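A.B. asks: File entry_30.csv below, CSV, C-alpha atoms:
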chain,number,residue,atom,x,y,z
A,1,GLN,CA,24.4,35.6,15.8
A,2,LYS,CA,27.2,35.2,18.3
A,3,GLU,CA,29.0,38.5,18.9
A,4,VAL,CA,32.0,39.6,20.8
A,5,GLU,CA,32.2,43.4,21.2
A,6,GLN,CA,35.3,45.4,22.0
A,7,ASN,CA,36.0,49.1,21.9
A,8,SER,CA,38.3,49.6,18.9
A,9,GLY,CA,40.3,52.3,20.6
A,10,PRO,CA,42.9,53.5,20.3
A,11,LEU,CA,43.4,53.3,24.0
A,12,SER,CA,46.3,55.4,25.1
A,13,VAL,CA,47.9,55.1,28.6
A,14,PRO,CA,51.1,56.5,30.0
A,15,GLU,CA,54.0,54.1,30.7
A,16,GLY,CA,53.6,52.6,34.2
A,17,ALA,CA,49.8,53.0,34.3
A,18,ILE,CA,47.2,50.3,34.3
A,19,ALA,CA,45.6,49.6,31.0
A,20,SER,CA,42.0,48.2,31.1
A,21,LEU,CA,40.6,46.4,28.1
A,22,ASN,CA,36.9,45.4,28.0
A,23,CYS,CA,34.9,42.9,26.1
A,24,THR,CA,31.2,41.8,26.1
A,25,TYR,CA,29.7,38.7,24.5
A,26,SER,CA,26.2,37.9,23.4
A,27,ASP,CA,26.2,34.1,23.5
A,28,ARG,CA,25.2,32.7,27.0
A,29,VAL,CA,26.6,29.3,26.2
A,30,SER,CA,30.1,30.8,25.9
A,31,GLN,CA,32.2,29.3,28.7
A,32,SER,CA,35.8,29.8,27.8
A,33,PHE,CA,37.4,33.2,27.1
A,34,PHE,CA,40.8,34.1,25.7
A,35,TRP,CA,42.9,37.2,25.3
A,36,TYR,CA,45.3,37.4,22.4
A,37,ARG,CA,47.9,40.1,21.7
A,38,GLN,CA,48.6,40.9,18.1
A,39,TYR,CA,51.5,43.2,17.1
A,40,SER,CA,51.2,44.9,13.7
A,41,GLY,CA,52.0,42.4,10.9
A,42,LYS,CA,52.2,39.5,13.3
A,43,SER,CA,50.0,36.6,14.3
A,44,PRO,CA,47.7,36.5,17.4
A,45,GLU,CA,49.6,35.4,20.5
A,46,LEU,CA,47.6,33.8,23.4
A,47,ILE,CA,48.3,35.7,26.6
A,48,MET,CA,45.4,34.7,29.0
A,49,SER,CA,42.6,32.3,29.2
A,50,ILE,CA,39.8,32.3,31.8
A,51,TYR,CA,37.0,29.8,32.4
A,52,SER,CA,35.5,30.7,35.8
A,53,ASN,CA,34.0,33.8,37.3
A,54,GLY,CA,36.4,36.0,39.1
A,55,ASP,CA,40.0,37.0,38.5
A,56,LYS,CA,43.0,35.2,37.1
A,57,GLU,CA,46.4,36.7,37.4
A,58,ASP,CA,49.6,36.0,35.4
A,59,GLY,CA,52.4,38.4,36.0
A,60,ARG,CA,51.4,41.9,35.0
A,61,PHE,CA,48.2,40.6,33.4
A,62,THR,CA,44.8,40.0,35.2
A,63,ALA,CA,41.8,38.6,33.4
A,64,GLN,CA,38.4,39.1,34.9
A,65,LEU,CA,35.2,37.2,34.0
A,66,ASN,CA,31.6,38.0,35.0
A,67,LYS,CA,29.3,35.5,33.3
A,68,ALA,CA,26.1,37.1,34.7
A,69,SER,CA,27.0,40.3,33.0
A,70,GLN,CA,28.6,38.6,30.0
A,71,TYR,CA,31.7,40.6,30.5
A,72,VAL,CA,35.4,39.9,30.3
A,73,SER,CA,38.2,42.3,30.9
A,74,LEU,CA,42.0,42.3,30.8
A,75,LEU,CA,44.1,44.5,33.1
A,76,ILE,CA,47.7,45.2,32.3
A,77,ARG,CA,49.6,46.6,35.3
A,78,ASP,CA,52.8,48.7,34.9
A,79,SER,CA,52.2,49.1,31.2
A,80,GLN,CA,55.3,49.2,29.0
A,81,PRO,CA,55.7,50.5,25.5
A,82,SER,CA,56.2,46.9,24.4
A,83,ASP,CA,52.6,46.3,25.4
A,84,SER,CA,51.5,48.5,22.5
A,85,ALA,CA,49.5,46.2,20.3
A,86,THR,CA,46.0,45.1,19.4
A,87,TYR,CA,44.3,42.9,21.9
A,88,LEU,CA,41.7,40.5,20.7
A,89,CYS,CA,39.0,39.0,23.0
A,90,ALA,CA,37.6,35.6,22.0
A,91,ALA,CA,34.8,33.4,23.3
A,92,LEU,CA,34.3,29.6,22.9
A,93,PRO,CA,31.0,27.8,23.5
A,94,VAL,CA,30.9,25.0,26.1
A,95,THR,CA,31.7,21.5,24.7
A,96,GLY,CA,28.6,20.1,23.0
A,97,ALA,CA,26.8,23.4,22.6
A,98,GLY,CA,27.9,23.9,19.1
A,99,SER,CA,30.8,24.1,16.7
A,100,TYR,CA,34.3,24.5,18.2
A,101,GLN,CA,34.5,28.0,16.9
A,102,LEU,CA,36.2,30.8,18.6
A,103,THR,CA,34.3,34.1,18.1
A,104,PHE,CA,36.7,37.0,18.0
A,105,GLY,CA,36.1,40.6,18.7
A,106,LYS,CA,37.5,43.2,16.3
A,107,GLY,CA,40.2,44.1,18.8
A,108,THR,CA,41.3,47.1,20.9
A,109,LYS,CA,44.4,48.9,19.9
A,110,LEU,CA,46.5,49.9,22.9
A,111,SER,CA,49.2,52.5,22.8
A,112,VAL,CA,51.5,52.9,25.8
A,113,ILE,CA,53.1,56.3,25.7
A,114,PRO,CA,56.7,56.5,27.1
B,1,ASP,CA,58.8,22.5,20.8
B,2,ALA,CA,58.2,24.1,17.5
B,3,GLY,CA,55.0,26.1,17.1
B,4,VAL,CA,52.6,26.0,14.2
B,5,ILE,CA,54.5,26.3,10.9
B,6,GLN,CA,53.0,27.9,7.8
B,7,SER,CA,54.3,28.4,4.3
B,8,PRO,CA,54.8,30.5,2.3
B,9,ARG,CA,54.9,33.6,4.5
B,10,HIS,CA,54.1,35.8,1.5
B,11,GLU,CA,52.3,35.0,-1.7
B,12,VAL,CA,51.7,37.3,-4.6
B,13,THR,CA,49.7,35.9,-7.5
B,14,GLU,CA,47.6,37.1,-10.4
B,15,MET,CA,43.8,36.7,-10.5
B,16,GLY,CA,42.8,33.3,-11.8
B,17,GLN,CA,45.8,31.5,-10.6
B,18,GLU,CA,45.7,28.6,-8.1
B,19,VAL,CA,47.1,29.3,-4.6
B,20,THR,CA,48.1,26.6,-2.1
B,21,LEU,CA,48.8,27.5,1.5
B,22,ARG,CA,50.4,25.0,3.9
B,23,CYS,CA,50.4,24.3,7.6
B,24,LYS,CA,52.1,22.0,10.0
B,25,PRO,CA,50.3,22.0,13.4
B,26,ILE,CA,52.0,21.6,16.8
B,27,SER,CA,52.8,17.9,17.3
B,28,GLY,CA,50.1,16.1,19.3
B,29,HIS,CA,47.4,18.7,18.7
B,30,ASP,CA,44.2,17.0,17.5
B,31,TYR,CA,42.5,20.1,16.1
B,32,LEU,CA,43.6,22.3,13.2
B,33,PHE,CA,42.0,25.6,12.2
B,34,TRP,CA,42.2,27.8,9.2
B,35,TYR,CA,41.4,31.5,9.7
B,36,ARG,CA,41.4,34.6,7.4
B,37,GLN,CA,42.0,38.1,8.7
B,38,THR,CA,41.1,41.3,6.9
B,39,MET,CA,40.7,44.9,8.2
B,40,MET,CA,37.1,44.9,7.3
B,41,ARG,CA,36.0,41.6,8.7
B,42,GLY,CA,38.5,40.9,11.4
B,43,LEU,CA,39.5,37.3,12.1
B,44,GLU,CA,37.1,34.7,10.6
B,45,LEU,CA,37.2,30.9,10.9
B,46,LEU,CA,37.1,29.2,7.6
B,47,ILE,CA,37.3,25.5,8.5
B,48,TYR,CA,38.5,23.2,11.2
B,49,PHE,CA,39.6,19.6,11.4
B,50,ASN,CA,39.6,17.0,14.3
B,51,ASN,CA,42.0,14.1,13.9
B,52,ASN,CA,42.4,15.0,10.2
B,53,VAL,CA,38.6,15.0,9.5
B,54,PRO,CA,36.9,18.3,8.4
B,55,ILE,CA,34.3,19.1,11.0
B,56,ASP,CA,32.9,22.5,10.1
B,57,ASP,CA,33.5,24.2,6.8
B,58,SER,CA,30.6,26.7,7.1
B,59,GLY,CA,33.1,29.6,7.0
B,60,MET,CA,34.6,28.7,3.7
B,61,PRO,CA,33.4,31.6,1.5
B,62,GLU,CA,32.7,29.7,-1.7
B,63,ASP,CA,33.5,26.6,-3.8
B,64,ARG,CA,36.8,28.2,-4.9
B,65,PHE,CA,38.2,27.4,-1.5
B,66,SER,CA,39.1,23.9,-0.4
B,67,ALA,CA,41.1,22.4,2.5
B,68,LYS,CA,42.6,19.0,3.2
B,69,MET,CA,44.4,17.3,6.0
B,70,PRO,CA,46.0,14.1,4.6
B,71,ASN,CA,47.8,13.4,7.9
B,72,ALA,CA,48.2,14.7,11.4
B,73,SER,CA,51.1,16.9,10.6
B,74,PHE,CA,50.0,18.6,7.4
B,75,SER,CA,47.1,20.6,6.0
B,76,THR,CA,46.6,22.7,2.9
B,77,LEU,CA,44.2,25.5,2.0
B,78,LYS,CA,43.7,25.9,-1.7
B,79,ILE,CA,42.1,28.7,-3.6
B,80,GLN,CA,41.3,28.1,-7.3
B,81,PRO,CA,40.8,30.4,-9.1
B,82,SER,CA,42.0,33.2,-6.9
B,83,GLU,CA,40.4,36.7,-7.0
B,84,PRO,CA,41.6,40.1,-5.7
B,85,ARG,CA,39.0,39.9,-2.9
B,86,ASP,CA,40.8,36.9,-1.5
B,87,SER,CA,43.7,39.1,-0.5
B,88,ALA,CA,44.1,38.7,3.2
B,89,VAL,CA,46.3,37.1,5.9
B,90,TYR,CA,45.6,33.4,6.3
B,91,PHE,CA,46.4,31.9,9.7
B,92,CYS,CA,46.5,28.3,10.7
B,93,ALA,CA,46.1,27.4,14.4
B,94,SER,CA,46.0,24.2,16.4
B,95,SER,CA,44.9,23.0,19.8
B,96,LEU,CA,45.0,19.8,21.9
B,97,GLY,CA,41.3,19.3,22.2
B,98,TYR,CA,37.8,20.7,22.8
B,99,ASP,CA,37.0,19.2,26.2
B,100,GLY,CA,37.7,22.0,28.6
B,101,GLY,CA,40.4,24.0,30.2
B,102,ASN,CA,43.8,24.5,28.7
B,103,ARG,CA,43.2,21.9,26.0
B,104,ASN,CA,40.9,24.5,24.3
B,105,GLU,CA,43.7,27.0,23.8
B,106,GLN,CA,44.5,27.7,20.2
B,107,TYR,CA,48.0,28.6,19.0
B,108,PHE,CA,48.5,30.5,15.8
B,109,GLY,CA,51.1,30.1,13.1
B,110,PRO,CA,52.9,33.2,11.6
B,111,GLY,CA,50.4,33.5,8.8
B,112,THR,CA,50.5,33.8,5.0
B,113,ARG,CA,50.0,37.2,3.5
B,114,LEU,CA,48.2,36.7,0.2
B,115,THR,CA,48.0,39.4,-2.4
B,116,VAL,CA,46.0,38.7,-5.6
B,117,THR,CA,46.5,41.3,-8.3
Give the structure from the file, written as structure tokens.
C.D. replies:
Amino acid sequence: QKEVEQNSGPLSVPEGAIASLNCTYSDRVSQSFFWYRQYSGKSPELIMSIYSNGDKEDGRFTAQLNKASQYVSLLIRDSQPSDSATYLCAALPVTGAGSYQLTFGKGTKLSVIP
Amino acid sequence: DAGVIQSPRHEVTEMGQEVTLRCKPISGHDYLFWYRQTMMRGLELLIYFNNNVPIDDSGMPEDRFSAKMPNASFSTLKIQPSEPRDSAVYFCASSLGYDGGNRNEQYFGPGTRLTVT
């Protein structure tokens, strides 16, 4: 059973702080990882993807991947109230290792306090 | 470029009625996915298509659910007959491919909120 685990939160951080969101996955053939942001009542919006060990930065967002530990994280620097949302972590198996099925975590709810 | 388009955005129907949800993927995307999201179960893949062909429908909950993709720009998800437990938000997503890198990225439509009374 492929699983992606996230702390459901809520995670509360003050405005301007760094928010750290974590995710672990059980399937070792997972090779691609994605972070989606979902505002209440809206659809998931892709904000970061990462495929190799290490860090990937995009503006205020940094995704980190450690395949040996089966761990993915998302850091949000200078958090803003507009970052308040649920963040979904998703894992995809390598091509040929199975169905093209994203396995989603249940999401972490982030609240940025002004 | 327009994103994934879904209709209707909201659907309220009575138990036993047929429901049809519609999706137009991003132009040029070869893969189309249907998901269902509920508070209890989170986001679940129902079925996906590659070049209009259904590839994996193992997530379809039962025979009351069916999906078609008659051409590259249109797909439907049908529930017949509908039941109250089908109430959820149904999302359609699309991607360029499944061969590595950014082509794997899936983009979601706005969703259809279905309520079955």
A.B. asks: Please, what distance in Å, to one decimal, runs between CA of Ala2 (chain B) and CA of Thr76 (chain B)?
C.D. replies: 18.7 Å
A.B. asks: Could you tell me which residues of chain B sit within 6 Å of chain A when counting all atoms listed in the file, and give me the result as number ranges by chain?
C.D. replies: B: 42, 99, 110
A.B. asks: Quick one: distance from CA of Ser30 (chain A) to CA of Gln70 (chain A) in Å, one decimal?
C.D. replies: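 Pair CA of Ser30 (chain A) / CA of Gln70 (chain A) returns 8.9 Å.
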A.B. asks: Just the residues within 10 Å of region 89-97 of chain B, please, counting all atoms listed in the file, with nothing from its chain fewer than 5 positions along; format it as an MDAnalysis selection string.
C.D. replies: (chainID A and resid 41:44 100) or (chainID B and resid 3:6 9:11 21:39 43:51 75:77 102:115)
A.B. asks: Just the selected residues (C-alpha atoms), exported as a PDB file, in the coordinates of the input, please.
C.D. replies:
ATOM      1  CA  GLY A  41      52.000  42.400  10.900  1.00  0.00           C
ATOM      2  CA  LYS A  42      52.200  39.500  13.300  1.00  0.00           C
ATOM      3  CA  SER A  43      50.000  36.600  14.300  1.00  0.00           C
ATOM      4  CA  PRO A  44      47.700  36.500  17.400  1.00  0.00           C
ATOM      5  CA  TYR A 100      34.300  24.500  18.200  1.00  0.00           C
TER       6      TYR A 100
ATOM      7  CA  GLY B   3      55.000  26.100  17.100  1.00  0.00           C
ATOM      8  CA  VAL B   4      52.600  26.000  14.200  1.00  0.00           C
ATOM      9  CA  ILE B   5      54.500  26.300  10.900  1.00  0.00           C
ATOM     10  CA  GLN B   6      53.000  27.900   7.800  1.00  0.00           C
ATOM     11  CA  ARG B   9      54.900  33.600   4.500  1.00  0.00           C
ATOM     12  CA  HIS B  10      54.100  35.800   1.500  1.00  0.00           C
ATOM     13  CA  GLU B  11      52.300  35.000  -1.700  1.00  0.00           C
ATOM     14  CA  LEU B  21      48.800  27.500   1.500  1.00  0.00           C
ATOM     15  CA  ARG B  22      50.400  25.000   3.900  1.00  0.00           C
ATOM     16  CA  CYS B  23      50.400  24.300   7.600  1.00  0.00           C
ATOM     17  CA  LYS B  24      52.100  22.000  10.000  1.00  0.00           C
ATOM     18  CA  PRO B  25      50.300  22.000  13.400  1.00  0.00           C
ATOM     19  CA  ILE B  26      52.000  21.600  16.800  1.00  0.00           C
ATOM     20  CA  SER B  27      52.800  17.900  17.300  1.00  0.00           C
ATOM     21  CA  GLY B  28      50.100  16.100  19.300  1.00  0.00           C
ATOM     22  CA  HIS B  29      47.400  18.700  18.700  1.00  0.00           C
ATOM     23  CA  ASP B  30      44.200  17.000  17.500  1.00  0.00           C
ATOM     24  CA  TYR B  31      42.500  20.100  16.100  1.00  0.00           C
ATOM     25  CA  LEU B  32      43.600  22.300  13.200  1.00  0.00           C
ATOM     26  CA  PHE B  33      42.000  25.600  12.200  1.00  0.00           C
ATOM     27  CA  TRP B  34      42.200  27.800   9.200  1.00  0.00           C
ATOM     28  CA  TYR B  35      41.400  31.500   9.700  1.00  0.00           C
ATOM     29  CA  ARG B  36      41.400  34.600   7.400  1.00  0.00           C
ATOM     30  CA  GLN B  37      42.000  38.100   8.700  1.00  0.00           C
ATOM     31  CA  THR B  38      41.100  41.300   6.900  1.00  0.00           C
ATOM     32  CA  MET B  39      40.700  44.900   8.200  1.00  0.00           C
ATOM     33  CA  LEU B  43      39.500  37.300  12.100  1.00  0.00           C
ATOM     34  CA  GLU B  44      37.100  34.700  10.600  1.00  0.00           C
ATOM     35  CA  LEU B  45      37.200  30.900  10.900  1.00  0.00           C
ATOM     36  CA  LEU B  46      37.100  29.200   7.600  1.00  0.00           C
ATOM     37  CA  ILE B  47      37.300  25.500   8.500  1.00  0.00           C
ATOM     38  CA  TYR B  48      38.500  23.200  11.200  1.00  0.00           C
ATOM     39  CA  PHE B  49      39.600  19.600  11.400  1.00  0.00           C
ATOM     40  CA  ASN B  50      39.600  17.000  14.300  1.00  0.00           C
ATOM     41  CA  ASN B  51      42.000  14.100  13.900  1.00  0.00           C
ATOM     42  CA  SER B  75      47.100  20.600   6.000  1.00  0.00           C
ATOM     43  CA  THR B  76      46.600  22.700   2.900  1.00  0.00           C
ATOM     44  CA  LEU B  77      44.200  25.500   2.000  1.00  0.00           C
ATOM     45  CA  ASN B 102      43.800  24.500  28.700  1.00  0.00           C
ATOM     46  CA  ARG B 103      43.200  21.900  26.000  1.00  0.00           C
ATOM     47  CA  ASN B 104      40.900  24.500  24.300  1.00  0.00           C
ATOM     48  CA  GLU B 105      43.700  27.000  23.800  1.00  0.00           C
ATOM     49  CA  GLN B 106      44.500  27.700  20.200  1.00  0.00           C
ATOM     50  CA  TYR B 107      48.000  28.600  19.000  1.00  0.00           C
ATOM     51  CA  PHE B 108      48.500  30.500  15.800  1.00  0.00           C
ATOM     52  CA  GLY B 109      51.100  30.100  13.100  1.00  0.00           C
ATOM     53  CA  PRO B 110      52.900  33.200  11.600  1.00  0.00           C
ATOM     54  CA  GLY B 111      50.400  33.500   8.800  1.00  0.00           C
ATOM     55  CA  THR B 112      50.500  33.800   5.000  1.00  0.00           C
ATOM     56  CA  ARG B 113      50.000  37.200   3.500  1.00  0.00           C
ATOM     57  CA  LEU B 114      48.200  36.700   0.200  1.00  0.00           C
ATOM     58  CA  THR B 115      48.000  39.400  -2.400  1.00  0.00           C
TER      59      THR B 115
END
A.B. asks: Neighbouring residues of Cys23 (chain A) were defined as those with any atom within 8 Å, considering all atoms listed in the file; residues of the same chain fewer than 2 positions away were excluded. Please report them as a list in words.
C.D. replies: Val4, Glu5, Gln6, Asn7, Leu21, Tyr25, Tyr71, Val72, Ser73, Cys89 and Gly105 of chain A
A.B. asks: Write a file of the just-selected residues containing C-alpha atoms, as a PDB file, keeping the file's coordinate frame.
C.D. replies:
ATOM      1  CA  VAL A   4      32.000  39.600  20.800  1.00  0.00           C
ATOM      2  CA  GLU A   5      32.200  43.400  21.200  1.00  0.00           C
ATOM      3  CA  GLN A   6      35.300  45.400  22.000  1.00  0.00           C
ATOM      4  CA  ASN A   7      36.000  49.100  21.900  1.00  0.00           C
ATOM      5  CA  LEU A  21      40.600  46.400  28.100  1.00  0.00           C
ATOM      6  CA  TYR A  25      29.700  38.700  24.500  1.00  0.00           C
ATOM      7  CA  TYR A  71      31.700  40.600  30.500  1.00  0.00           C
ATOM      8  CA  VAL A  72      35.400  39.900  30.300  1.00  0.00           C
ATOM      9  CA  SER A  73      38.200  42.300  30.900  1.00  0.00           C
ATOM     10  CA  CYS A  89      39.000  39.000  23.000  1.00  0.00           C
ATOM     11  CA  GLY A 105      36.100  40.600  18.700  1.00  0.00           C
TER      12      GLY A 105
END
A.B. asks: Please, what distance in Å, to one decimal, runs between CA of Ala90 (chain A) and CA of Gly16 (chain A)?
C.D. replies: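 Taking CA of Ala90 (chain A) as the start and CA of Gly16 (chain A) as the end point, the length is 26.3 Å.
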A.B. asks: Tell me which protein, DNA and RNA residues are within 7 Å of Ser20 (chain A), counting all atoms listed in the file, leaving out same-chain ones fewer than 5 positions away, and put them as a list in words.
C.D. replies: Leu74, Leu75 and Ile76 of chain A
A.B. asks: Now that the selection is made, can you save its residues with C-alpha atoms as a short mmCIF file (atom, residue, chain, number, x, y, z; two decimals), in the frame of the given file?
C.D. replies:
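For reference, part-v5.cif as written:
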data_model
loop_
_atom_site.label_atom_id
_atom_site.label_comp_id
_atom_site.auth_asym_id
_atom_site.auth_seq_id
_atom_site.Cartn_x
_atom_site.Cartn_y
_atom_site.Cartn_z
CA LEU A 74 42.00 42.30 30.80
CA LEU A 75 44.10 44.50 33.10
CA ILE A 76 47.70 45.20 32.30
#
A.B. asks: Counting all atoms listed in the file, which residue out of A:Asn53, A:Ser8, A:Gln38, A:Thr86 sits closest to Ser69 (chain A)?
C.D. replies: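 Using all atoms listed in the file, Ser69 (chain A) sits closest to A:Asn53.
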